[in-house]
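K.L.:
Here you go, this is coords.cif (mmCIF, C-alpha atoms and all ligand atoms).
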data_my_file
loop_
_atom_site.label_atom_id
_atom_site.label_comp_id
_atom_site.auth_asym_id
_atom_site.auth_seq_id
_atom_site.Cartn_x
_atom_site.Cartn_y
_atom_site.Cartn_z
CA MET A 1 -3.05 -35.46 -6.37
CA LYS A 2 -1.76 -32.00 -5.50
CA ILE A 3 0.00 -30.28 -8.36
CA GLU A 4 2.55 -27.58 -7.55
CA ARG A 5 3.36 -24.72 -9.88
CA PRO A 6 6.61 -25.02 -11.86
CA ARG A 7 9.83 -23.89 -10.19
CA GLY A 8 10.61 -20.21 -10.67
CA THR A 9 6.98 -19.23 -11.38
CA ARG A 10 4.54 -17.44 -9.10
CA ASP A 11 0.83 -17.05 -8.43
CA PHE A 12 -0.42 -13.56 -7.72
CA LEU A 13 -3.33 -13.13 -5.33
CA PRO A 14 -5.70 -10.13 -5.62
CA GLU A 15 -3.79 -7.82 -3.29
CA GLU A 16 -0.53 -8.46 -5.10
CA MET A 17 -2.24 -7.95 -8.46
CA GLU A 18 -3.69 -4.65 -7.29
CA ARG A 19 -0.22 -3.47 -6.36
CA ARG A 20 1.24 -4.72 -9.64
CA ARG A 21 -1.48 -2.99 -11.66
CA ALA A 22 -0.90 0.28 -9.79
CA VAL A 23 2.83 0.12 -10.53
CA GLU A 24 2.17 -0.77 -14.16
CA LYS A 25 -0.19 2.20 -14.45
CA VAL A 26 2.52 4.63 -13.34
CA MET A 27 4.99 3.16 -15.84
CA ARG A 28 2.50 3.32 -18.70
CA GLU A 29 1.47 6.89 -17.93
CA ILE A 30 5.05 8.14 -17.84
CA ALA A 31 6.03 6.31 -21.05
CA GLU A 32 2.91 7.67 -22.78
CA SER A 33 3.69 11.19 -21.58
CA PHE A 34 6.96 10.92 -23.55
CA GLY A 35 5.02 9.85 -26.66
CA TYR A 36 5.70 6.10 -26.44
CA ARG A 37 2.89 3.82 -27.63
CA GLU A 38 2.27 0.26 -26.55
CA ILE A 39 3.04 -2.71 -28.74
CA SER A 40 2.78 -6.43 -28.16
CA THR A 41 4.66 -9.33 -29.75
CA PRO A 42 4.14 -13.11 -29.53
CA THR A 43 5.03 -15.03 -26.38
CA PHE A 44 7.09 -17.42 -28.51
CA GLU A 45 9.31 -16.77 -31.50
CA HIS A 46 11.65 -18.72 -33.74
CA LEU A 47 14.59 -19.79 -31.60
CA GLU A 48 16.98 -18.25 -34.10
CA LEU A 49 15.79 -14.75 -33.22
CA PHE A 50 17.50 -15.07 -29.87
CA THR A 51 20.52 -17.12 -30.86
CA LEU A 52 21.67 -14.70 -33.59
CA LYS A 53 22.97 -11.94 -31.34
CA SER A 54 21.57 -12.01 -27.82
CA GLY A 55 24.60 -13.79 -26.43
CA GLN A 56 25.66 -17.04 -24.84
CA ASP A 57 24.11 -16.39 -21.43
CA ILE A 58 20.66 -15.90 -22.92
CA VAL A 59 21.07 -18.96 -25.16
CA GLU A 60 21.92 -21.14 -22.18
CA GLU A 61 18.88 -19.88 -20.30
CA ILE A 62 16.39 -20.17 -23.10
CA TYR A 63 13.14 -22.14 -22.89
CA ALA A 64 13.35 -23.76 -26.32
CA PHE A 65 11.05 -26.41 -27.73
CA THR A 66 10.10 -28.08 -30.98
CA ASP A 67 6.49 -27.84 -32.10
CA LYS A 68 4.51 -30.64 -33.76
CA SER A 69 5.82 -29.64 -37.17
CA GLY A 70 9.41 -29.72 -36.01
CA ARG A 71 9.92 -25.94 -35.81
CA ASN A 72 12.47 -24.75 -33.29
CA LEU A 73 10.75 -22.19 -31.11
CA ALA A 74 11.53 -20.35 -27.88
CA LEU A 75 9.60 -18.54 -25.18
CA ARG A 76 10.85 -14.95 -25.31
CA PRO A 77 13.66 -14.29 -22.80
CA GLU A 78 13.45 -10.54 -23.52
CA LEU A 79 11.72 -8.18 -25.92
CA THR A 80 14.33 -6.15 -27.77
CA ALA A 81 14.93 -8.82 -30.42
CA PRO A 82 11.16 -9.42 -30.94
CA VAL A 83 10.50 -5.67 -31.21
CA MET A 84 13.24 -5.29 -33.81
CA ARG A 85 11.91 -8.30 -35.71
CA MET A 86 8.48 -6.67 -35.66
CA PHE A 87 9.99 -3.38 -36.79
CA VAL A 88 11.66 -5.02 -39.79
CA ASN A 89 8.52 -7.04 -40.64
CA GLU A 90 5.87 -4.38 -40.18
CA CYS A 91 7.10 -0.89 -39.44
CA SER A 92 10.00 -0.02 -41.66
CA VAL A 93 7.95 2.59 -43.55
CA MET A 94 6.47 4.28 -40.48
CA PRO A 95 7.70 7.81 -39.64
CA ARG A 96 10.84 7.86 -37.54
CA PRO A 97 11.80 7.93 -34.79
CA MET A 98 9.44 5.28 -33.50
CA ARG A 99 8.71 5.20 -29.81
CA PHE A 100 7.37 1.87 -28.55
CA TYR A 101 6.77 0.50 -25.08
CA TYR A 102 5.83 -2.95 -23.85
CA PHE A 103 4.83 -4.72 -20.69
CA SER A 104 5.16 -8.48 -21.06
CA ASN A 105 6.24 -11.67 -19.41
CA CYS A 106 9.62 -13.19 -20.26
CA PHE A 107 11.09 -16.60 -19.57
CA ARG A 108 14.63 -17.53 -18.61
CA TYR A 109 15.81 -20.86 -17.27
CA GLU A 110 17.84 -19.37 -14.42
CA ARG A 111 18.44 -20.66 -10.90
CA PRO A 112 15.53 -19.14 -9.00
CA GLN A 113 16.28 -16.96 -5.99
CA LYS A 114 14.89 -13.80 -4.42
CA GLY A 115 14.19 -11.40 -7.30
CA ARG A 116 15.12 -13.94 -9.97
CA TYR A 117 12.37 -15.96 -11.57
CA ARG A 118 11.89 -18.20 -14.54
CA GLU A 119 8.82 -16.24 -15.55
CA PHE A 120 9.17 -12.52 -14.91
CA TRP A 121 7.81 -9.28 -16.35
CA GLN A 122 9.60 -6.52 -18.18
CA PHE A 123 8.38 -3.01 -18.78
CA GLY A 124 10.52 -1.57 -21.54
CA VAL A 125 10.83 0.96 -24.32
CA GLU A 126 12.61 1.02 -27.66
CA LEU A 127 13.35 4.28 -29.49
CA ILE A 128 14.05 3.33 -33.09
CA GLY A 129 15.72 5.44 -35.77
CA SER A 130 18.28 7.66 -34.07
CA ASP A 131 21.82 7.30 -32.83
CA LYS A 132 22.07 10.85 -31.51
CA PRO A 133 22.96 11.57 -27.86
CA GLU A 134 19.46 13.02 -27.36
CA SER A 135 17.90 9.61 -27.93
CA ASP A 136 20.08 7.93 -25.29
CA ALA A 137 19.41 10.85 -22.93
CA GLU A 138 15.65 10.55 -23.51
CA VAL A 139 15.38 6.87 -22.65
CA ILE A 140 17.62 7.27 -19.61
CA LEU A 141 15.50 10.20 -18.44
CA LEU A 142 12.34 8.16 -18.95
CA ALA A 143 13.60 5.22 -16.88
CA TYR A 144 14.79 7.67 -14.23
CA GLN A 145 11.39 9.39 -14.02
CA ILE A 146 9.66 6.04 -13.61
CA MET A 147 11.89 5.04 -10.69
CA LYS A 148 11.50 8.47 -9.06
CA SER A 149 7.72 8.44 -9.41
CA LEU A 150 7.61 5.03 -7.76
CA ASN A 151 9.85 6.20 -4.92
CA VAL A 152 12.47 3.55 -5.64
CA ARG A 153 15.80 4.25 -3.97
CA PHE A 154 18.24 3.56 -6.77
CA SER A 155 21.51 4.51 -8.38
CA LEU A 156 21.97 5.05 -12.10
CA HIS A 157 25.22 3.97 -13.78
CA ILE A 158 26.08 5.00 -17.32
CA GLY A 159 28.90 3.79 -19.56
CA HIS A 160 29.74 2.94 -23.17
CA VAL A 161 30.34 -0.59 -24.47
CA GLY A 162 32.14 0.82 -27.51
CA LEU A 163 35.01 1.79 -25.24
CA LEU A 164 35.50 -1.69 -23.77
CA ARG A 165 35.06 -3.27 -27.21
CA ASP A 166 37.68 -0.91 -28.58
CA VAL A 167 40.14 -1.89 -25.85
CA LEU A 168 39.42 -5.55 -26.59
CA SER A 169 39.65 -5.13 -30.37
CA ASP A 170 42.54 -7.60 -30.79
CA VAL A 171 40.97 -10.24 -28.54
CA THR A 172 39.51 -13.21 -30.45
CA ASP A 173 36.37 -13.82 -28.38
CA LYS A 174 35.31 -10.29 -27.43
CA ASP A 175 31.79 -11.38 -26.50
CA ARG A 176 33.17 -13.84 -23.95
CA ALA A 177 35.46 -11.18 -22.51
CA MET A 178 32.48 -8.78 -22.27
CA ARG A 179 30.46 -11.42 -20.42
CA LEU A 180 33.27 -11.88 -17.91
CA ILE A 181 33.44 -8.10 -17.42
CA ASP A 182 29.65 -8.02 -16.98
CA LYS A 183 29.90 -10.60 -14.21
CA LYS A 184 32.93 -8.79 -12.72
CA ASP A 185 34.74 -12.13 -13.01
CA TRP A 186 38.19 -10.53 -12.99
CA LYS A 187 40.00 -13.82 -12.35
CA GLY A 188 38.30 -15.43 -15.33
CA LEU A 189 39.05 -12.43 -17.54
CA GLU A 190 42.68 -12.32 -16.44
CA MET A 191 43.13 -16.02 -17.26
CA MET A 192 41.42 -15.66 -20.61
CA LEU A 193 43.46 -12.62 -21.67
CA GLU A 194 46.73 -14.07 -20.35
CA GLU A 195 46.16 -17.22 -22.41
CA GLU A 196 45.88 -15.02 -25.49
CA GLY A 197 48.94 -13.00 -24.41
CA PHE A 198 46.99 -9.83 -23.57
CA SER A 199 47.86 -9.21 -19.91
CA GLU A 200 48.31 -5.52 -20.70
CA ILE A 201 44.71 -5.30 -21.96
CA PHE A 202 43.50 -6.87 -18.75
CA HIS A 203 45.06 -4.09 -16.68
CA THR A 204 43.60 -1.40 -18.94
CA VAL A 205 40.11 -2.95 -18.63
CA ARG A 206 40.40 -3.03 -14.83
CA GLU A 207 41.54 0.57 -14.69
CA ILE A 208 38.78 1.70 -17.05
CA SER A 209 36.11 -0.04 -15.05
CA GLU A 210 37.34 1.65 -11.89
CA ALA A 211 37.56 5.14 -13.41
CA GLU A 212 35.17 7.60 -11.84
CA SER A 213 34.96 10.38 -14.40
CA LEU A 214 35.29 11.09 -18.11
CA ASN A 215 38.56 12.92 -17.47
CA GLU A 216 40.00 9.95 -15.62
CA VAL A 217 39.00 7.42 -18.27
CA ARG A 218 40.28 9.72 -21.00
CA SER A 219 43.70 9.80 -19.38
CA ILE A 220 43.74 5.98 -19.11
CA TYR A 221 42.58 5.42 -22.68
CA PRO A 222 42.90 8.53 -24.86
CA ASP A 223 42.32 6.76 -28.22
CA PHE A 224 38.55 6.84 -28.12
CA ASP A 225 35.98 9.39 -29.24
CA TYR A 226 34.23 10.40 -26.03
CA SER A 227 32.11 13.15 -27.61
CA HIS A 228 28.83 11.16 -27.72
CA LEU A 229 29.13 10.13 -24.09
CA GLU A 230 30.08 13.68 -23.18
CA SER A 231 26.90 15.04 -24.80
CA VAL A 232 24.70 12.47 -23.05
CA PHE A 233 26.30 13.27 -19.69
CA GLY A 234 25.92 17.00 -20.45
CA ILE A 235 22.18 16.73 -21.16
CA LEU A 236 21.53 14.60 -18.08
CA GLU A 237 23.58 16.84 -15.82
CA SER A 238 21.71 19.90 -16.98
CA LEU A 239 18.45 18.08 -16.20
CA ASP A 240 19.78 17.42 -12.68
CA LEU A 241 19.83 13.66 -13.00
CA ASP A 242 21.93 11.99 -10.38
CA PHE A 243 24.16 9.34 -12.00
CA THR A 244 27.53 7.64 -11.74
CA PRO A 245 29.78 7.35 -14.79
CA ASP A 246 30.64 3.64 -14.93
CA PHE A 247 32.86 2.54 -17.79
CA GLY A 248 32.89 -1.08 -16.65
CA ILE A 249 29.25 -1.73 -17.66
CA ALA A 250 29.38 -4.53 -20.25
CA ARG A 251 25.69 -5.71 -20.16
CA GLY A 252 24.77 -9.37 -20.36
CA LEU A 253 23.46 -9.18 -23.94
CA ASP A 254 25.75 -9.01 -26.96
CA TYR A 255 23.86 -6.56 -29.19
CA TYR A 256 24.82 -3.27 -27.54
CA THR A 257 27.05 -0.91 -29.49
CA GLY A 258 27.12 2.43 -27.64
CA VAL A 259 25.90 4.07 -24.45
CA VAL A 260 24.70 1.53 -21.89
CA PHE A 261 23.16 2.01 -18.47
CA GLU A 262 21.96 0.08 -15.46
CA MET A 263 20.01 0.94 -12.35
CA TYR A 264 20.47 -0.75 -9.01
CA ALA A 265 17.89 -0.52 -6.26
CA GLU A 266 18.39 -0.62 -2.52
CA GLY A 267 16.70 -3.38 -0.57
CA LEU A 268 16.97 -6.19 -3.08
CA GLY A 269 20.08 -8.16 -2.17
CA ALA A 270 22.05 -9.82 -4.94
CA GLN A 271 19.47 -9.30 -7.71
CA LYS A 272 19.44 -5.56 -7.37
CA GLN A 273 19.55 -4.57 -11.04
CA VAL A 274 16.13 -3.09 -11.72
CA CYS A 275 16.78 -1.69 -15.16
CA GLY A 276 19.22 -2.23 -17.99
CA GLY A 277 19.51 -0.79 -21.45
CA GLY A 278 21.47 1.10 -24.04
CA SER A 279 21.92 1.63 -27.76
CA TYR A 280 22.22 -1.21 -30.22
CA ARG A 281 21.89 -2.23 -33.85
CA LEU A 282 19.77 -5.28 -34.59
CA ALA A 283 17.57 -4.28 -37.53
CA LYS A 284 20.13 -5.21 -40.20
CA LEU A 285 20.76 -8.60 -38.65
CA PHE A 286 17.04 -9.30 -38.96
CA GLY A 287 16.95 -8.38 -42.64
CA GLY A 288 16.17 -4.65 -42.45
CA ASP A 289 18.18 -1.46 -42.94
CA ASP A 290 20.93 -0.69 -40.47
CA VAL A 291 18.71 1.38 -38.18
CA PRO A 292 20.13 2.55 -34.84
CA SER A 293 18.01 2.10 -31.72
CA THR A 294 18.16 2.58 -28.01
CA GLY A 295 16.01 1.39 -25.15
CA PHE A 296 15.76 -0.26 -21.79
CA ALA A 297 13.84 -2.86 -19.85
CA ILE A 298 12.81 -2.58 -16.24
CA GLY A 299 12.65 -5.71 -14.10
CA PHE A 300 9.04 -5.15 -13.16
CA ASP A 301 8.90 -7.75 -10.36
CA ARG A 302 11.94 -6.27 -8.64
CA VAL A 303 10.52 -2.76 -8.81
CA VAL A 304 7.19 -3.94 -7.36
CA GLU A 305 9.19 -5.40 -4.47
CA VAL A 306 10.92 -2.16 -3.48
CA CYS A 307 8.75 0.70 -4.70
CA SER A 308 6.43 2.67 -2.52
CA ILE A 309 3.08 3.56 -4.01
CA GLU A 310 -0.42 4.46 -2.87
CA ILE A 311 -3.02 2.02 -4.07
CA GLU A 312 -6.37 3.51 -4.92
CA ARG A 313 -9.22 1.43 -3.61
CA LYS A 314 -12.83 1.99 -4.56
CA PRO A 315 -15.29 1.91 -1.64
CA VAL A 316 -16.79 -1.54 -1.17
CA ALA A 317 -20.41 -2.19 -0.26
CA VAL A 318 -22.01 -5.49 0.58
CA VAL A 319 -25.66 -5.53 -0.43
CA VAL A 320 -27.53 -7.44 2.22
CA GLY A 321 -30.47 -9.30 0.71
CA PHE A 322 -33.55 -10.63 2.49
CA GLY A 323 -34.30 -13.59 0.30
CA ASP A 324 -35.28 -11.37 -2.65
CA SER A 325 -32.29 -11.51 -4.95
CA LEU A 326 -33.88 -9.25 -7.59
CA ARG A 327 -33.98 -6.36 -5.10
CA ALA A 328 -30.35 -7.03 -4.18
CA PHE A 329 -29.30 -7.03 -7.83
CA ARG A 330 -31.11 -3.73 -8.42
CA VAL A 331 -29.47 -2.04 -5.44
CA ALA A 332 -26.06 -3.38 -6.45
CA GLU A 333 -26.47 -1.96 -9.93
CA MET A 334 -27.32 1.44 -8.50
CA LEU A 335 -24.20 1.41 -6.37
CA ARG A 336 -21.97 0.29 -9.23
CA ASN A 337 -23.24 3.18 -11.32
CA LEU A 338 -22.02 5.47 -8.54
CA GLY A 339 -18.53 3.97 -8.76
CA ILE A 340 -18.91 1.77 -5.69
CA THR A 341 -17.89 -1.86 -5.75
CA ALA A 342 -21.02 -3.79 -4.82
CA LEU A 343 -21.22 -7.45 -3.86
CA VAL A 344 -24.45 -9.41 -3.58
CA ASP A 345 -25.03 -12.61 -1.67
CA VAL A 346 -24.92 -15.63 -3.98
CA MET A 347 -25.02 -18.29 -1.25
CA ASP A 348 -28.50 -17.70 0.15
CA ARG A 349 -27.05 -16.83 3.53
CA SER A 350 -28.78 -15.37 6.59
CA VAL A 351 -28.56 -11.60 7.24
CA ARG A 352 -26.18 -12.26 10.15
CA LYS A 353 -23.88 -14.31 7.92
CA GLN A 354 -24.00 -11.71 5.15
CA LEU A 355 -22.94 -9.05 7.67
CA SER A 356 -20.13 -11.15 9.04
CA PHE A 357 -18.96 -11.75 5.45
CA ALA A 358 -18.95 -7.95 4.94
CA ASP A 359 -16.78 -7.69 8.02
CA SER A 360 -14.40 -10.41 6.86
CA ILE A 361 -13.72 -8.70 3.53
CA ASN A 362 -13.31 -5.34 5.24
CA ALA A 363 -16.24 -3.76 3.38
CA ASP A 364 -16.98 -0.06 3.93
CA PHE A 365 -20.78 -0.21 3.76
CA ALA A 366 -23.61 -2.64 4.23
CA VAL A 367 -26.57 -1.64 2.06
CA PHE A 368 -29.82 -3.38 2.94
CA ALA A 369 -32.04 -4.30 0.03
CA GLY A 370 -35.20 -4.58 2.16
CA GLU A 371 -38.83 -3.60 1.86
CA GLU A 372 -38.07 0.15 2.31
CA LEU A 373 -36.86 -0.04 -1.28
CA ASP A 374 -40.51 -0.12 -2.38
CA ARG A 375 -40.96 3.22 -0.54
CA GLY A 376 -38.03 4.74 -2.44
CA LYS A 377 -35.52 4.34 0.38
CA VAL A 378 -32.53 2.22 1.16
CA ARG A 379 -30.97 1.50 4.56
CA ILE A 380 -27.23 2.00 4.65
CA LYS A 381 -24.78 1.21 7.42
CA ASN A 382 -21.36 2.81 7.34
CA LEU A 383 -19.25 -0.05 8.67
CA ARG A 384 -16.41 2.30 9.62
CA THR A 385 -18.55 4.54 11.86
CA GLN A 386 -21.33 1.99 12.57
CA LYS A 387 -23.82 4.79 11.76
CA GLN A 388 -26.98 3.55 10.06
CA GLU A 389 -29.61 5.58 8.22
CA ASP A 390 -32.41 5.38 5.69
CA VAL A 391 -31.51 7.30 2.55
CA ASP A 392 -33.84 8.40 -0.26
CA LEU A 393 -32.90 6.72 -3.51
CA GLU A 394 -32.43 10.08 -5.20
CA SER A 395 -30.01 11.28 -2.49
CA ILE A 396 -27.93 8.12 -2.44
CA GLY A 397 -25.22 9.77 -4.59
CA SER A 398 -24.81 12.71 -2.21
CA TYR A 399 -24.88 10.31 0.78
CA PHE A 400 -21.83 8.49 -0.55
CA SER A 401 -19.96 11.60 -1.60
CA GLU A 402 -20.36 12.91 1.95
CA GLU A 403 -19.43 9.64 3.65
CA ILE A 404 -16.44 8.90 1.44
CA THR A 405 -14.14 11.81 2.12
P1 LIG B 501 18.32 -7.39 -19.20
O1 LIG B 501 19.31 -6.63 -18.36
O2 LIG B 501 18.68 -8.77 -19.58
O3 LIG B 501 18.07 -6.50 -20.49
O4 LIG B 501 16.94 -7.41 -18.46
C1 LIG B 501 16.32 -6.20 -18.02
C2 LIG B 501 15.88 -6.33 -16.58
O5 LIG B 501 15.03 -7.47 -16.43
C3 LIG B 501 17.03 -6.60 -15.61
O6 LIG B 501 17.67 -5.39 -15.24
C4 LIG B 501 16.31 -7.23 -14.44
O7 LIG B 501 15.77 -6.23 -13.59
C5 LIG B 501 15.15 -7.96 -15.11
N1 LIG B 501 15.39 -9.42 -15.11
C6 LIG B 501 16.22 -10.10 -15.92
N2 LIG B 501 16.17 -11.42 -15.65
C7 LIG B 501 15.30 -11.58 -14.63
C8 LIG B 501 14.80 -12.71 -13.89
N3 LIG B 501 15.19 -13.94 -14.15
N4 LIG B 501 13.88 -12.48 -12.91
C9 LIG B 501 13.45 -11.22 -12.64
N5 LIG B 501 13.88 -10.13 -13.31
C10 LIG B 501 14.79 -10.29 -14.29
C11 LIG B 501 17.20 -6.82 -21.49
O8 LIG B 501 16.42 -7.73 -21.42
C12 LIG B 501 17.25 -5.88 -22.66
N6 LIG B 501 16.30 -6.36 -23.67
C13 LIG B 501 16.95 -4.45 -22.25
C14 LIG B 501 16.96 -3.48 -23.40
C15 LIG B 501 15.89 -2.96 -24.03
N7 LIG B 501 18.04 -3.01 -23.99
C16 LIG B 501 17.67 -2.20 -24.97
N8 LIG B 501 16.37 -2.19 -25.01
#
Mind turning the file's structure into structure tokens?
P.N.:
Amino acid sequence: MKIERPRGTRDFLPEEMERRRAVEKVMREIAESFGYREISTPTFEHLELFTLKSGQDIVEEIYAFTDKSGRNLALRPELTAPVMRMFVNECSVMPRPMRFYYFSNCFRYERPQKGRYREFWQFGVELIGSDKPESDAEVILLAYQIMKSLNVRFSLHIGHVGLLRDVLSDVTDKDRAMRLIDKKDWKGLEMMLEEEGFSEIFHTVREISEAESLNEVRSIYPDFDYSHLESVFGILESLDLDFTPDFGIARGLDYYTGVVFEMYAEGLGAQKQVCGGGSYRLAKLFGGDDVPSTGFAIGFDRVVEVCSIEIERKPVAVVVGFGDSLRAFRVAEMLRNLGITALVDVMDRSVRKQLSFADSINADFAVFAGEELDRGKVRIKNLRTQKQEDVDLESIGSYFSEEIT
């Protein structure tokens, strides 16, 4: 019986994993250079953690299950709620602000398509303890640097959910209205607001989401304090970040309260959002103080798809044995100590077959573990140049540093 993997999941073969690890490394290094430190939370949590404030869309997509003791649990669909739960449980006395980053798999029961999976990875950060414009600017800058370093062609859109929520303040189900705005479902929003007798609000929302600058949005809706957004824009402009003010960003999750942002990459089709984030307040809801936070999550799989990155590959040597596996093991160990990936034959194959295996895996060197070893020498063939020579064991390091340039 052949068993297929579940719908919306993927297997990653070595080449793909090498690329993923290289991308992950860039993300980690940049986050760490800003002082963020890695954390990790459980793969599953109490279902309630996600139903309290994440929003209807997430709830509909959740992988929920009951364990043997009847607890309602869920595979994490995202990490902001778990991180804030962890903060309330474990970190409330740590010095603030706290800068955390994570790289973890998430699960959402969505209709799979290119760039949309049921198991996917997020690389994200949460900056906990400040609601100042500098904190929003910092996380936006961090996400921006990551995309730039990975040569992703993207656009950055920044808005403020407080503005839309303010406009919708008389509407009964604001969260539903925000979801419709997030999906740009203007027909749905118009119907919903008309039913409640708020056609006027609908037109204001449309105009706001089409406004292209702070001045324009201010003239459409003057009754809002734009100073926070103005400061964030000011910092980012002076740092030469290229971004588009976008006051129609509503985000798919319900917990945002202030500045929000999204990044869209070229070359991805419909699922082009590679990063989403903003400021929010969740700590109080989870039993802690009302601590402000801001952060983002990058859709790791989507970034891997469109980024351009050099993958470092260590030189690979196949140690060709002549029936004496101890010799082969010794030579392999020597090579590994020099930073060379060394493979020994474990199938008792002929020399010819070992060489053709070296060829098939695209090895750089064949190193013969023959009798010359007893005379302090080893025969090495550079499979790129086909040049073969006997090298003294003590000069083997300089041989490789010359050959690998
Ligand atoms: P989100 O926008 O729901 O935000 O997800 C962040 C990113 O995860 C998206 O921009 C997208 O690239 C990626 N993503 C989402 N669903 C899928 C999927 N099914 N397959 C592949 N990639 C996907 C959050 O999750 C928030 N927790 C972000 C945040 C952190 N806000 C503040 N802090």
K.L.:
Would you work out the distance separating atom CA of Ile208 of chain A from atom CA of Ile220 of chain A, expressed in Å to one decimal?
P.N.:
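Between these atoms lies a distance of 6.9 Å.
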K.L.:
9 Å from ligand LIG 501 (chain B) is the threshold here; counting all atoms listed in the file, which polymer residues fall inside it? Answer as an mmCIF file with C-alpha atoms, keeping the file's coordinate frame.
P.N.:
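As a result, pocket_37.cif now contains:
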data_model
loop_
_atom_site.group_PDB
_atom_site.id
_atom_site.type_symbol
_atom_site.label_atom_id
_atom_site.label_comp_id
_atom_site.auth_asym_id
_atom_site.auth_seq_id
_atom_site.Cartn_x
_atom_site.Cartn_y
_atom_site.Cartn_z
ATOM 1 C CA GLY A 8 10.610 -20.210 -10.670
ATOM 2 C CA SER A 54 21.570 -12.010 -27.820
ATOM 3 C CA ILE A 58 20.660 -15.900 -22.920
ATOM 4 C CA PRO A 77 13.660 -14.290 -22.800
ATOM 5 C CA GLU A 78 13.450 -10.540 -23.520
ATOM 6 C CA LEU A 79 11.720 -8.180 -25.920
ATOM 7 C CA THR A 80 14.330 -6.150 -27.770
ATOM 8 C CA ALA A 81 14.930 -8.820 -30.420
ATOM 9 C CA CYS A 106 9.620 -13.190 -20.260
ATOM 10 C CA PHE A 107 11.090 -16.600 -19.570
ATOM 11 C CA ARG A 108 14.630 -17.530 -18.610
ATOM 12 C CA TYR A 109 15.810 -20.860 -17.270
ATOM 13 C CA GLU A 110 17.840 -19.370 -14.420
ATOM 14 C CA ARG A 111 18.440 -20.660 -10.900
ATOM 15 C CA PRO A 112 15.530 -19.140 -9.000
ATOM 16 C CA GLN A 113 16.280 -16.960 -5.990
ATOM 17 C CA LYS A 114 14.890 -13.800 -4.420
ATOM 18 C CA GLY A 115 14.190 -11.400 -7.300
ATOM 19 C CA ARG A 116 15.120 -13.940 -9.970
ATOM 20 C CA TYR A 117 12.370 -15.960 -11.570
ATOM 21 C CA ARG A 118 11.890 -18.200 -14.540
ATOM 22 C CA GLU A 119 8.820 -16.240 -15.550
ATOM 23 C CA PHE A 120 9.170 -12.520 -14.910
ATOM 24 C CA TRP A 121 7.810 -9.280 -16.350
ATOM 25 C CA GLN A 122 9.600 -6.520 -18.180
ATOM 26 C CA PHE A 123 8.380 -3.010 -18.780
ATOM 27 C CA GLY A 124 10.520 -1.570 -21.540
ATOM 28 C CA VAL A 125 10.830 0.960 -24.320
ATOM 29 C CA GLU A 126 12.610 1.020 -27.660
ATOM 30 C CA LEU A 127 13.350 4.280 -29.490
ATOM 31 C CA ARG A 251 25.690 -5.710 -20.160
ATOM 32 C CA GLY A 252 24.770 -9.370 -20.360
ATOM 33 C CA LEU A 253 23.460 -9.180 -23.940
ATOM 34 C CA TYR A 255 23.860 -6.560 -29.190
ATOM 35 C CA TYR A 256 24.820 -3.270 -27.540
ATOM 36 C CA VAL A 260 24.700 1.530 -21.890
ATOM 37 C CA GLU A 262 21.960 0.080 -15.460
ATOM 38 C CA MET A 263 20.010 0.940 -12.350
ATOM 39 C CA TYR A 264 20.470 -0.750 -9.010
ATOM 40 C CA GLN A 271 19.470 -9.300 -7.710
ATOM 41 C CA LYS A 272 19.440 -5.560 -7.370
ATOM 42 C CA GLN A 273 19.550 -4.570 -11.040
ATOM 43 C CA VAL A 274 16.130 -3.090 -11.720
ATOM 44 C CA CYS A 275 16.780 -1.690 -15.160
ATOM 45 C CA GLY A 276 19.220 -2.230 -17.990
ATOM 46 C CA GLY A 277 19.510 -0.790 -21.450
ATOM 47 C CA GLY A 278 21.470 1.100 -24.040
ATOM 48 C CA SER A 279 21.920 1.630 -27.760
ATOM 49 C CA TYR A 280 22.220 -1.210 -30.220
ATOM 50 C CA SER A 293 18.010 2.100 -31.720
ATOM 51 C CA THR A 294 18.160 2.580 -28.010
ATOM 52 C CA GLY A 295 16.010 1.390 -25.150
ATOM 53 C CA PHE A 296 15.760 -0.260 -21.790
ATOM 54 C CA ALA A 297 13.840 -2.860 -19.850
ATOM 55 C CA ILE A 298 12.810 -2.580 -16.240
ATOM 56 C CA GLY A 299 12.650 -5.710 -14.100
ATOM 57 C CA PHE A 300 9.040 -5.150 -13.160
ATOM 58 C CA ASP A 301 8.900 -7.750 -10.360
ATOM 59 C CA ARG A 302 11.940 -6.270 -8.640
ATOM 60 C CA VAL A 303 10.520 -2.760 -8.810
#
K.L.:
Distance atom CA of Arg21 of chain A-atom CA of Ile3 of chain A, one decimal place?
P.N.:
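Rounded to one decimal, the two atoms are 27.5 Å apart.
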K.L.:
In Å, with one decimal, what is the gap from atom CA of Val367 of chain A to atom CA of Ile311 of chain A?
P.N.:
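Going from atom CA of Val367 of chain A over to atom CA of Ile311 of chain A covers 24.6 Å.
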K.L.:
Could you check the closest approach to Phe368 of chain A for each of A:Val59, A:Ala342, A:Val318, A:Leu141 and tell me which residue wins, using all atoms listed in the file?
P.N.:
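Among the listed residues, the smallest separation from Phe368 of chain A belongs to A:Val318.
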K.L.:
Choose the residue, out of A:Asn337, A:Asp290, A:Leu164, A:Arg218, that has the smallest atom-to-atom separation from Phe202 of chain A; count only C-alpha atoms.
P.N.:
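Smallest distance to Phe202 of chain A is found for A:Leu164.
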K.L.:
Give me the residues within 12 Å of Glu18 of chain A as an NGL selection string, counting all atoms listed in the file and dropping any in the same chain fewer than 4 places off.
P.N.:
:A and (12-14 or 22-25 or 304 or 309-314)
K.L.:
Would you give the centre and edge lengths, in Å to one decimal, of a box along x, y and z around the listed atoms of segment 91-104 of chain A, with 4 Å added to each side, as AutoDock Vina command-line options?
P.N.:
--center_x 8.3 --center_y -0.3 --center_z -32.1 --size_x 15.0 --size_y 24.4 --size_z 30.9
